[in-house]
Amino acid sequence: MAGPNQYGASAFDRSFIVLGLIMYMIGLVMVASSSIPVAERLFNNPFHFVIRHGIYIGLSLAIAGVALQIPMSWWHKNSSYLLGFAIVLLVSVLLIGRSVNGSTRWLVLGPITVQAAEPAKLFFFCYLSAYLVRRREQVMENLKGFIKPLIVFGVMAVLLLMQPDLGTVIVMFVTTFGLLFLAGAKLWQFMAMASVGATALGMLAYFEPYRWRRVTSFLDPWQDPFGSGYQLTQSLMAYGRGEVLGQGLGNSIQKLEYLPEAHTDFVMAVLAEEFGFVGISVVLLLSMTLVYKALILGRCALAKEKYFEGFLAYSIGIWMCFQAAVNIGASAGLVPTKGLTMPLISYGGSSLIVMTIALVILIRIDHEIRLQSIQATSSKRTSAKGLQQVAQKVTQKVTNKGQMPSAKNSGDK
């Protein structure tokens, strides 16, 4: 039977914590480096954003400690309530939310601002994972089971587009697409879903002037370098100055208020300028490792017949992968700007806290799978030991029966 030390050594995969802490530290350093000029101008305190980001990290760790104690059965059982809470948050934003730069995305709770779209993503993926456990055969066999989660997604997408927040809609759409594919939906359903989704996104971009400007400026940012292409051209110059090894920590020029949103959506451009191709490669490697481990964990959970845990791990992996790819791709001019943060690195309390909870869920899934394996091994050992004891007793009885007549005969003589 596994002793306390052996159990403690295999209770969970510590590499999740190591990866998360490394990305925390990189994010804190880059937020400090990229935010000082704008913080000095806006708040007369160069460390304003650094202090807030440090508080967000501390708050994230405190919440992680609580979330780690929540069993996965709770997330499964309450997935519908979490979805309802997400919809309430999105509606509340439209009614009483704070508007910044023409977008209404934040709820103000005293000194804290909450971006409702961040928890909405996590809660929707919990609901979708639970739905696939209940209705997996319907999803695989008929159109009705495939359409139901898309209707729920459509409701949330409408609420998000009213903010407006197209980036979150795209992340949720891609994650839903990937998760339904992994659940075994038919190929023609995906082709239809992809066609409808691409058409809808194209129409949303074409009929909204500011979105269409983003698309056209992405295709040729140098056509209007001081207008619609300004942010991207400044970001590309940061990448160009970084070259292979970068200009060194703190030596970015673009962060001197040439590049807007340098500490949030475009923090990777500042990192590229200061640490070059090597720095970007390190962050990509960390993100890829985290995503790979999430996907492997999902496959392992499904193999253990823990379907909710497996689908949720898959959705978190796809979500982190796509959001990181869009953030880096937007700053490098590979995709249009979508206003998505870099997971665990960019400044932003809501994103940091929700991504931390997602990481904690992965740790909890891994822990429960390991615990199940340990309990199964212990049960087998206990059963084997019990059988061995029974066999010994039977053998002893047979031996005693064989010896009794001999003893009686010996007495007669």
# chains A, B, ... in the order shown; residues from 1 in each chain; ligands from 1
$ closest_atom_pairs --of "range 136-254 of chain A" --to "range 28-44 of chain A" --cutoff "9 Å" --atoms "only C-alpha atoms" --output "tab-separated table"
residue	atom	partner	partner_atom	distance
A:Leu249	CA	A:Ser33	CA	7.4
A:Gly250	CA	A:Ser33	CA	5.6
A:Asn251	CA	A:Ser33	CA	8.7
A:Ser252	CA	A:Ser34	CA	8.0
A:Gln254	CA	A:Ser34	CA	8.8
$ residues_around --residues "Met342 in chain A" --least-positions-apart "3" --cutoff "10 Å" --atoms "only C-alpha atoms" --output "list in words"
Gly27, Thr264, Asp265, Phe266, Val267, Met268, Ser287, Met320, Gln323, Ala324, Ala325, Val326, Asn327, Ile328, Gly339, Ile345, Ser346, Tyr347, Gly348, Ser351 and Leu352 of chain A
$ closest_residue --among "A:Ala86, A:Leu21, A:Val139, A:Leu297" --to "Leu179 in chain A" --atoms "only C-alpha atoms"
A:Val139
$ closest_residue --among "A:Ala130, A:Ala313, A:Ala11, A:Met203" --to "Leu82 in chain A" --atoms "only C-alpha atoms"
A:Ala130
$ residues_around --residues "Ser129 in chain A" --least-positions-apart "6" --cutoff "8 Å" --atoms "only C-alpha atoms" --output "list in words"
Phe308, Glu309, Phe311, Leu312 and Ser315 of chain A
$ write_last_selection --atoms "N, CA and C atoms" --output "short mmCIF file (atom, residue, chain, number, x, y, z; two decimals), in the first residue's frame"
data_model
loop_
_atom_site.label_atom_id
_atom_site.label_comp_id
_atom_site.auth_asym_id
_atom_site.auth_seq_id
_atom_site.Cartn_x
_atom_site.Cartn_y
_atom_site.Cartn_z
N PHE A 308 -16.22 14.19 -18.34
CA PHE A 308 -16.33 15.62 -18.10
C PHE A 308 -14.95 16.25 -17.93
N GLU A 309 -14.12 15.62 -17.12
CA GLU A 309 -12.77 16.13 -16.89
C GLU A 309 -11.97 16.16 -18.19
N PHE A 311 -13.10 16.37 -21.39
CA PHE A 311 -13.57 17.42 -22.30
C PHE A 311 -13.19 18.81 -21.79
N LEU A 312 -13.26 19.02 -20.47
CA LEU A 312 -12.90 20.32 -19.92
C LEU A 312 -11.42 20.60 -20.09
N SER A 315 -10.91 21.58 -23.66
CA SER A 315 -11.38 22.94 -23.95
C SER A 315 -10.42 23.99 -23.41
#
$ closest_residue --among "A:Ala269, A:Val50, A:Phe177, A:Val354" --to "Lys255 in chain A" --atoms "only C-alpha atoms"
A:Ala269
$ atom_distance --atom1 "CA of Ser217 in chain A" --atom2 "CA of Gly229 in chain A"
4.9 Å
$ closest_residue --among "A:Ile253, A:Ala262, A:Ile26, A:Leu290" --to "Glu274 in chain A" --atoms "only C-alpha atoms"
A:Ile253
$ closest_atom_pairs --of "range 72-99 of chain A" --to "range 122-126 of chain A" --cutoff "9 Å" --atoms "only C-alpha atoms" --output "CSV"
residue,atom,partner,partner_atom,distance
A:Trp75,CA,A:Cys126,CA,7.0
A:His76,CA,A:Cys126,CA,7.1
A:Asn78,CA,A:Cys126,CA,8.9
A:Ser79,CA,A:Cys126,CA,5.6
A:Ser80,CA,A:Cys126,CA,8.4
A:Tyr81,CA,A:Phe123,CA,8.9
A:Leu82,CA,A:Phe123,CA,5.4
A:Leu83,CA,A:Phe123,CA,5.5
A:Gly84,CA,A:Phe123,CA,8.8
A:Phe85,CA,A:Phe123,CA,8.2
A:Ala86,CA,A:Phe123,CA,6.5
$ write_last_selection --atoms "N, CA and C atoms" --output "CSV table (one decimal), in the first residue's frame"
chain,number,residue,atom,x,y,z
A,75,TRP,N,-18.0,21.1,-10.3
A,75,TRP,CA,-18.0,21.8,-11.5
A,75,TRP,C,-19.0,21.1,-12.5
A,76,HIS,N,-19.0,19.8,-12.5
A,76,HIS,CA,-19.9,19.0,-13.4
A,76,HIS,C,-21.4,19.3,-12.9
A,78,ASN,N,-22.8,21.6,-11.2
A,78,ASN,CA,-23.3,23.0,-11.2
A,78,ASN,C,-23.0,23.7,-12.5
A,79,SER,N,-22.7,23.0,-13.6
A,79,SER,CA,-22.3,23.6,-14.9
A,79,SER,C,-23.5,24.5,-15.4
A,80,SER,N,-24.7,24.0,-15.2
A,80,SER,CA,-25.8,24.8,-15.8
A,80,SER,C,-26.0,26.1,-15.0
A,81,TYR,N,-25.8,26.0,-13.7
A,81,TYR,CA,-25.9,27.3,-12.9
A,81,TYR,C,-24.7,28.2,-13.2
A,82,LEU,N,-23.6,27.7,-13.5
A,82,LEU,CA,-22.4,28.6,-13.9
A,82,LEU,C,-22.7,29.2,-15.2
A,83,LEU,N,-23.4,28.5,-16.2
A,83,LEU,CA,-23.8,29.1,-17.4
A,83,LEU,C,-24.8,30.2,-17.2
A,84,GLY,N,-25.7,30.0,-16.3
A,84,GLY,CA,-26.7,31.0,-16.0
A,84,GLY,C,-26.1,32.2,-15.4
A,85,PHE,N,-25.1,32.0,-14.5
A,85,PHE,CA,-24.4,33.1,-13.9
A,85,PHE,C,-23.6,33.9,-15.0
A,86,ALA,N,-23.0,33.2,-15.9
A,86,ALA,CA,-22.3,33.9,-17.0
A,86,ALA,C,-23.2,34.8,-17.8
$ atom_distance --atom1 "CA of Ala303 in chain A" --atom2 "CA of Trp74 in chain A"
21.0 Å
$ select_by_dssp --residues "range 239-360 of chain A" --states "helix (DSSP H, G or I)" --output "tab-separated table (two decimals) with N, CA and C atoms, in the first residue's frame"
chain	number	residue	atom	x	y	z
A	239	TYR	N	9.21	44.59	-33.19
A	239	TYR	CA	9.74	43.28	-33.57
A	239	TYR	C	11.03	43.43	-34.37
A	240	GLY	N	11.05	44.40	-35.28
A	240	GLY	CA	12.23	44.61	-36.10
A	240	GLY	C	13.45	45.03	-35.29
A	241	ARG	N	13.24	45.90	-34.30
A	241	ARG	CA	14.36	46.35	-33.47
A	241	ARG	C	14.89	45.23	-32.58
A	242	GLY	N	14.02	44.28	-32.23
A	242	GLY	CA	14.44	43.20	-31.33
A	242	GLY	C	15.46	42.27	-31.95
A	267	VAL	N	1.87	43.48	-25.18
A	267	VAL	CA	3.03	43.27	-24.31
A	267	VAL	C	4.08	42.39	-25.00
A	268	MET	N	3.65	41.51	-25.90
A	268	MET	CA	4.60	40.64	-26.59
A	268	MET	C	5.47	41.42	-27.57
A	269	ALA	N	4.98	42.55	-28.08
A	269	ALA	CA	5.81	43.38	-28.96
A	269	ALA	C	6.96	44.00	-28.18
A	270	VAL	N	6.67	44.46	-26.96
A	270	VAL	CA	7.72	45.02	-26.11
A	270	VAL	C	8.71	43.92	-25.72
A	271	LEU	N	8.20	42.73	-25.40
A	271	LEU	CA	9.08	41.61	-25.08
A	271	LEU	C	9.98	41.27	-26.26
A	272	ALA	N	9.41	41.31	-27.48
A	272	ALA	CA	10.20	41.02	-28.68
A	272	ALA	C	11.29	42.07	-28.88
A	273	GLU	N	10.97	43.34	-28.58
A	273	GLU	CA	11.97	44.40	-28.76
A	273	GLU	C	13.09	44.28	-27.73
A	274	GLU	N	12.76	43.89	-26.52
A	274	GLU	CA	13.77	43.86	-25.46
A	274	GLU	C	14.53	42.53	-25.38
A	275	PHE	N	13.89	41.43	-25.79
A	275	PHE	CA	14.53	40.12	-25.70
A	275	PHE	C	14.64	39.40	-27.04
A	276	GLY	N	14.12	40.01	-28.08
A	276	GLY	CA	14.31	39.48	-29.42
A	276	GLY	C	13.61	38.16	-29.70
A	277	PHE	N	14.08	37.51	-30.75
A	277	PHE	CA	13.50	36.23	-31.18
A	277	PHE	C	13.63	35.18	-30.09
A	278	VAL	N	14.73	35.23	-29.34
A	278	VAL	CA	14.95	34.25	-28.27
A	278	VAL	C	13.88	34.40	-27.19
A	279	GLY	N	13.57	35.63	-26.81
A	279	GLY	CA	12.55	35.85	-25.79
A	279	GLY	C	11.18	35.37	-26.22
A	280	ILE	N	10.79	35.70	-27.45
A	280	ILE	CA	9.50	35.24	-27.97
A	280	ILE	C	9.46	33.72	-28.03
A	281	SER	N	10.57	33.11	-28.43
A	281	SER	CA	10.62	31.64	-28.53
A	281	SER	C	10.44	30.99	-27.17
A	282	VAL	N	11.02	31.58	-26.13
A	282	VAL	CA	10.88	31.02	-24.78
A	282	VAL	C	9.42	31.06	-24.33
A	283	VAL	N	8.75	32.20	-24.55
A	283	VAL	CA	7.34	32.33	-24.15
A	283	VAL	C	6.47	31.36	-24.96
A	284	LEU	N	6.75	31.25	-26.25
A	284	LEU	CA	5.99	30.29	-27.08
A	284	LEU	C	6.20	28.86	-26.60
A	285	LEU	N	7.44	28.52	-26.23
A	285	LEU	CA	7.73	27.18	-25.74
A	285	LEU	C	6.98	26.89	-24.44
A	286	LEU	N	6.95	27.87	-23.54
A	286	LEU	CA	6.22	27.71	-22.28
A	286	LEU	C	4.73	27.49	-22.54
A	287	SER	N	4.17	28.32	-23.42
A	287	SER	CA	2.74	28.21	-23.74
A	287	SER	C	2.43	26.88	-24.42
A	288	MET	N	3.28	26.49	-25.36
A	288	MET	CA	3.05	25.23	-26.07
A	288	MET	C	3.14	24.04	-25.11
A	289	THR	N	4.07	24.10	-24.17
A	289	THR	CA	4.20	23.02	-23.20
A	289	THR	C	2.95	22.91	-22.34
A	290	LEU	N	2.44	24.06	-21.89
A	290	LEU	CA	1.23	24.07	-21.07
A	290	LEU	C	0.03	23.52	-21.84
A	291	VAL	N	-0.11	23.94	-23.09
A	291	VAL	CA	-1.22	23.47	-23.92
A	291	VAL	C	-1.08	21.98	-24.20
A	292	TYR	N	0.12	21.53	-24.51
A	292	TYR	CA	0.36	20.11	-24.78
A	292	TYR	C	-0.01	19.25	-23.57
A	293	LYS	N	0.40	19.70	-22.38
A	293	LYS	CA	0.10	18.95	-21.17
A	293	LYS	C	-1.41	18.91	-20.91
A	294	ALA	N	-2.10	20.01	-21.22
A	294	ALA	CA	-3.57	20.05	-21.04
A	294	ALA	C	-4.24	19.04	-21.97
A	295	LEU	N	-3.79	18.96	-23.22
A	295	LEU	CA	-4.39	18.04	-24.18
A	295	LEU	C	-4.09	16.58	-23.82
A	296	ILE	N	-2.86	16.33	-23.39
A	296	ILE	CA	-2.51	14.97	-22.96
A	296	ILE	C	-3.32	14.57	-21.74
A	297	LEU	N	-3.52	15.53	-20.82
A	297	LEU	CA	-4.32	15.26	-19.63
A	297	LEU	C	-5.77	14.93	-20.02
A	298	GLY	N	-6.31	15.66	-21.01
A	298	GLY	CA	-7.65	15.37	-21.49
A	298	GLY	C	-7.76	13.97	-22.05
A	299	ARG	N	-6.78	13.57	-22.83
A	299	ARG	CA	-6.80	12.22	-23.40
A	299	ARG	C	-6.71	11.15	-22.31
A	300	CYS	N	-5.88	11.41	-21.30
A	300	CYS	CA	-5.73	10.47	-20.18
A	300	CYS	C	-7.04	10.36	-19.40
A	301	ALA	N	-7.72	11.50	-19.18
A	301	ALA	CA	-8.99	11.49	-18.45
A	301	ALA	C	-10.04	10.69	-19.21
A	302	LEU	N	-10.12	10.86	-20.51
A	302	LEU	CA	-11.09	10.10	-21.30
A	302	LEU	C	-10.77	8.60	-21.26
A	303	ALA	N	-9.48	8.26	-21.26
A	303	ALA	CA	-9.09	6.85	-21.18
A	303	ALA	C	-9.51	6.24	-19.84
A	307	TYR	N	-15.15	11.54	-18.35
A	307	TYR	CA	-15.44	12.25	-19.59
A	307	TYR	C	-15.56	13.76	-19.39
A	308	PHE	N	-16.22	14.19	-18.34
A	308	PHE	CA	-16.33	15.62	-18.10
A	308	PHE	C	-14.95	16.25	-17.93
A	309	GLU	N	-14.12	15.62	-17.12
A	309	GLU	CA	-12.77	16.13	-16.89
A	309	GLU	C	-11.97	16.16	-18.19
A	310	GLY	N	-12.12	15.11	-19.00
A	310	GLY	CA	-11.38	15.07	-20.26
A	310	GLY	C	-11.79	16.16	-21.22
A	311	PHE	N	-13.10	16.37	-21.39
A	311	PHE	CA	-13.57	17.42	-22.30
A	311	PHE	C	-13.19	18.81	-21.79
A	312	LEU	N	-13.26	19.02	-20.47
A	312	LEU	CA	-12.90	20.32	-19.92
A	312	LEU	C	-11.42	20.60	-20.09
A	313	ALA	N	-10.58	19.59	-19.88
A	313	ALA	CA	-9.13	19.77	-20.10
A	313	ALA	C	-8.85	20.08	-21.57
A	314	TYR	N	-9.53	19.39	-22.48
A	314	TYR	CA	-9.39	19.68	-23.91
A	314	TYR	C	-9.78	21.14	-24.20
A	315	SER	N	-10.91	21.58	-23.66
A	315	SER	CA	-11.38	22.94	-23.95
A	315	SER	C	-10.42	23.99	-23.41
A	316	ILE	N	-9.86	23.76	-22.22
A	316	ILE	CA	-8.88	24.71	-21.66
A	316	ILE	C	-7.63	24.76	-22.53
A	317	GLY	N	-7.18	23.59	-22.99
A	317	GLY	CA	-6.00	23.55	-23.85
A	317	GLY	C	-6.22	24.29	-25.16
A	318	ILE	N	-7.36	24.05	-25.81
A	318	ILE	CA	-7.67	24.75	-27.07
A	318	ILE	C	-7.81	26.24	-26.84
A	319	TRP	N	-8.49	26.62	-25.78
A	319	TRP	CA	-8.70	28.03	-25.43
A	319	TRP	C	-7.37	28.76	-25.24
A	320	MET	N	-6.48	28.20	-24.40
A	320	MET	CA	-5.18	28.84	-24.16
A	320	MET	C	-4.35	28.91	-25.43
A	321	CYS	N	-4.37	27.85	-26.22
A	321	CYS	CA	-3.59	27.80	-27.45
A	321	CYS	C	-4.04	28.88	-28.43
A	322	PHE	N	-5.34	28.94	-28.68
A	322	PHE	CA	-5.84	29.88	-29.67
A	322	PHE	C	-5.68	31.33	-29.21
A	323	GLN	N	-5.94	31.59	-27.92
A	323	GLN	CA	-5.82	32.97	-27.44
A	323	GLN	C	-4.37	33.44	-27.49
A	324	ALA	N	-3.43	32.58	-27.12
A	324	ALA	CA	-2.01	32.94	-27.21
A	324	ALA	C	-1.60	33.16	-28.66
A	325	ALA	N	-2.07	32.30	-29.56
A	325	ALA	CA	-1.73	32.43	-30.97
A	325	ALA	C	-2.27	33.73	-31.54
A	326	VAL	N	-3.50	34.10	-31.18
A	326	VAL	CA	-4.09	35.34	-31.70
A	326	VAL	C	-3.36	36.55	-31.14
A	327	ASN	N	-3.02	36.53	-29.85
A	327	ASN	CA	-2.32	37.67	-29.25
A	327	ASN	C	-0.97	37.90	-29.90
A	328	ILE	N	-0.18	36.85	-30.03
A	328	ILE	CA	1.14	36.99	-30.64
A	328	ILE	C	1.00	37.28	-32.13
A	329	GLY	N	0.05	36.61	-32.78
A	329	GLY	CA	-0.15	36.83	-34.21
A	329	GLY	C	-0.59	38.25	-34.52
A	330	ALA	N	-1.43	38.84	-33.67
A	330	ALA	CA	-1.89	40.21	-33.89
A	330	ALA	C	-0.73	41.19	-33.73
A	331	SER	N	0.12	40.98	-32.73
A	331	SER	CA	1.23	41.91	-32.53
A	331	SER	C	2.30	41.76	-33.61
A	349	GLY	N	-6.58	42.04	-14.58
A	349	GLY	CA	-6.94	41.22	-13.44
A	349	GLY	C	-7.89	40.09	-13.76
A	350	SER	N	-8.95	40.39	-14.52
A	350	SER	CA	-9.95	39.36	-14.83
A	350	SER	C	-9.34	38.21	-15.61
A	351	SER	N	-8.56	38.53	-16.63
A	351	SER	CA	-7.93	37.50	-17.44
A	351	SER	C	-6.96	36.67	-16.61
A	352	LEU	N	-6.17	37.33	-15.77
A	352	LEU	CA	-5.18	36.63	-14.96
A	352	LEU	C	-5.85	35.68	-13.98
A	353	ILE	N	-6.90	36.14	-13.32
A	353	ILE	CA	-7.58	35.32	-12.32
A	353	ILE	C	-8.27	34.12	-12.98
A	354	VAL	N	-8.97	34.36	-14.09
A	354	VAL	CA	-9.70	33.27	-14.74
A	354	VAL	C	-8.74	32.25	-15.34
A	355	MET	N	-7.64	32.72	-15.95
A	355	MET	CA	-6.66	31.78	-16.48
A	355	MET	C	-6.01	30.97	-15.37
A	356	THR	N	-5.82	31.59	-14.20
A	356	THR	CA	-5.28	30.86	-13.06
A	356	THR	C	-6.25	29.78	-12.60
A	357	ILE	N	-7.54	30.11	-12.55
A	357	ILE	CA	-8.55	29.11	-12.18
A	357	ILE	C	-8.54	27.95	-13.18
A	358	ALA	N	-8.41	28.29	-14.48
A	358	ALA	CA	-8.34	27.24	-15.50
A	358	ALA	C	-7.13	26.34	-15.27
A	359	LEU	N	-6.00	26.94	-14.92
A	359	LEU	CA	-4.80	26.16	-14.64
A	359	LEU	C	-4.99	25.27	-13.41
A	360	VAL	N	-5.66	25.82	-12.39
A	360	VAL	CA	-5.94	25.04	-11.18
A	360	VAL	C	-6.87	23.87	-11.49
$ select_by_dssp --residues "range 83-295 of chain A" --states "strand (DSSP E)" --output "ChimeraX atom specification"
/A:98-100,103-109,112-115
$ closest_residue --among "A:Leu334, A:Val196, A:Ala62, A:Leu182" --to "Arg136 in chain A" --atoms "only C-alpha atoms"
A:Leu182
$ residues_around --residues "range 146-158 of chain A" --least-positions-apart "3" --cutoff "7 Å" --atoms "only C-alpha atoms" --output "short mmCIF file (atom, residue, chain, number, x, y, z; two decimals) with N, CA and C atoms, in the first residue's frame"
data_model
loop_
_atom_site.label_atom_id
_atom_site.label_comp_id
_atom_site.auth_asym_id
_atom_site.auth_seq_id
_atom_site.Cartn_x
_atom_site.Cartn_y
_atom_site.Cartn_z
N ILE A 87 -24.37 34.30 -18.14
CA ILE A 87 -25.33 35.11 -18.91
C ILE A 87 -25.77 36.33 -18.10
N LEU A 128 -20.47 23.23 -21.68
CA LEU A 128 -20.33 22.45 -22.91
C LEU A 128 -19.75 21.07 -22.62
N VAL A 139 -24.84 13.95 -30.13
CA VAL A 139 -23.92 14.79 -30.90
C VAL A 139 -23.31 13.99 -32.04
N ASN A 142 -26.95 12.58 -34.52
CA ASN A 142 -27.94 13.40 -35.22
C ASN A 142 -27.65 14.88 -35.08
N LEU A 143 -28.32 15.66 -35.89
CA LEU A 143 -28.08 17.10 -35.96
C LEU A 143 -28.62 17.82 -34.73
N LEU A 161 -21.31 40.53 -28.60
CA LEU A 161 -21.21 41.46 -29.73
C LEU A 161 -21.88 42.80 -29.41
N MET A 162 -22.80 42.81 -28.47
CA MET A 162 -23.43 44.07 -28.07
C MET A 162 -22.48 44.93 -27.23
N VAL A 169 -15.81 36.19 -28.85
CA VAL A 169 -16.71 35.34 -29.63
C VAL A 169 -15.91 34.37 -30.50
#
$ atom_distance --atom1 "CA of Tyr127 in chain A" --atom2 "CA of Val88 in chain A"
14.9 Å
$ closest_residue --among "A:Ala185, A:Leu109, A:Ile55, A:Leu219" --to "Leu232 in chain A" --atoms "only C-alpha atoms"
A:Leu219
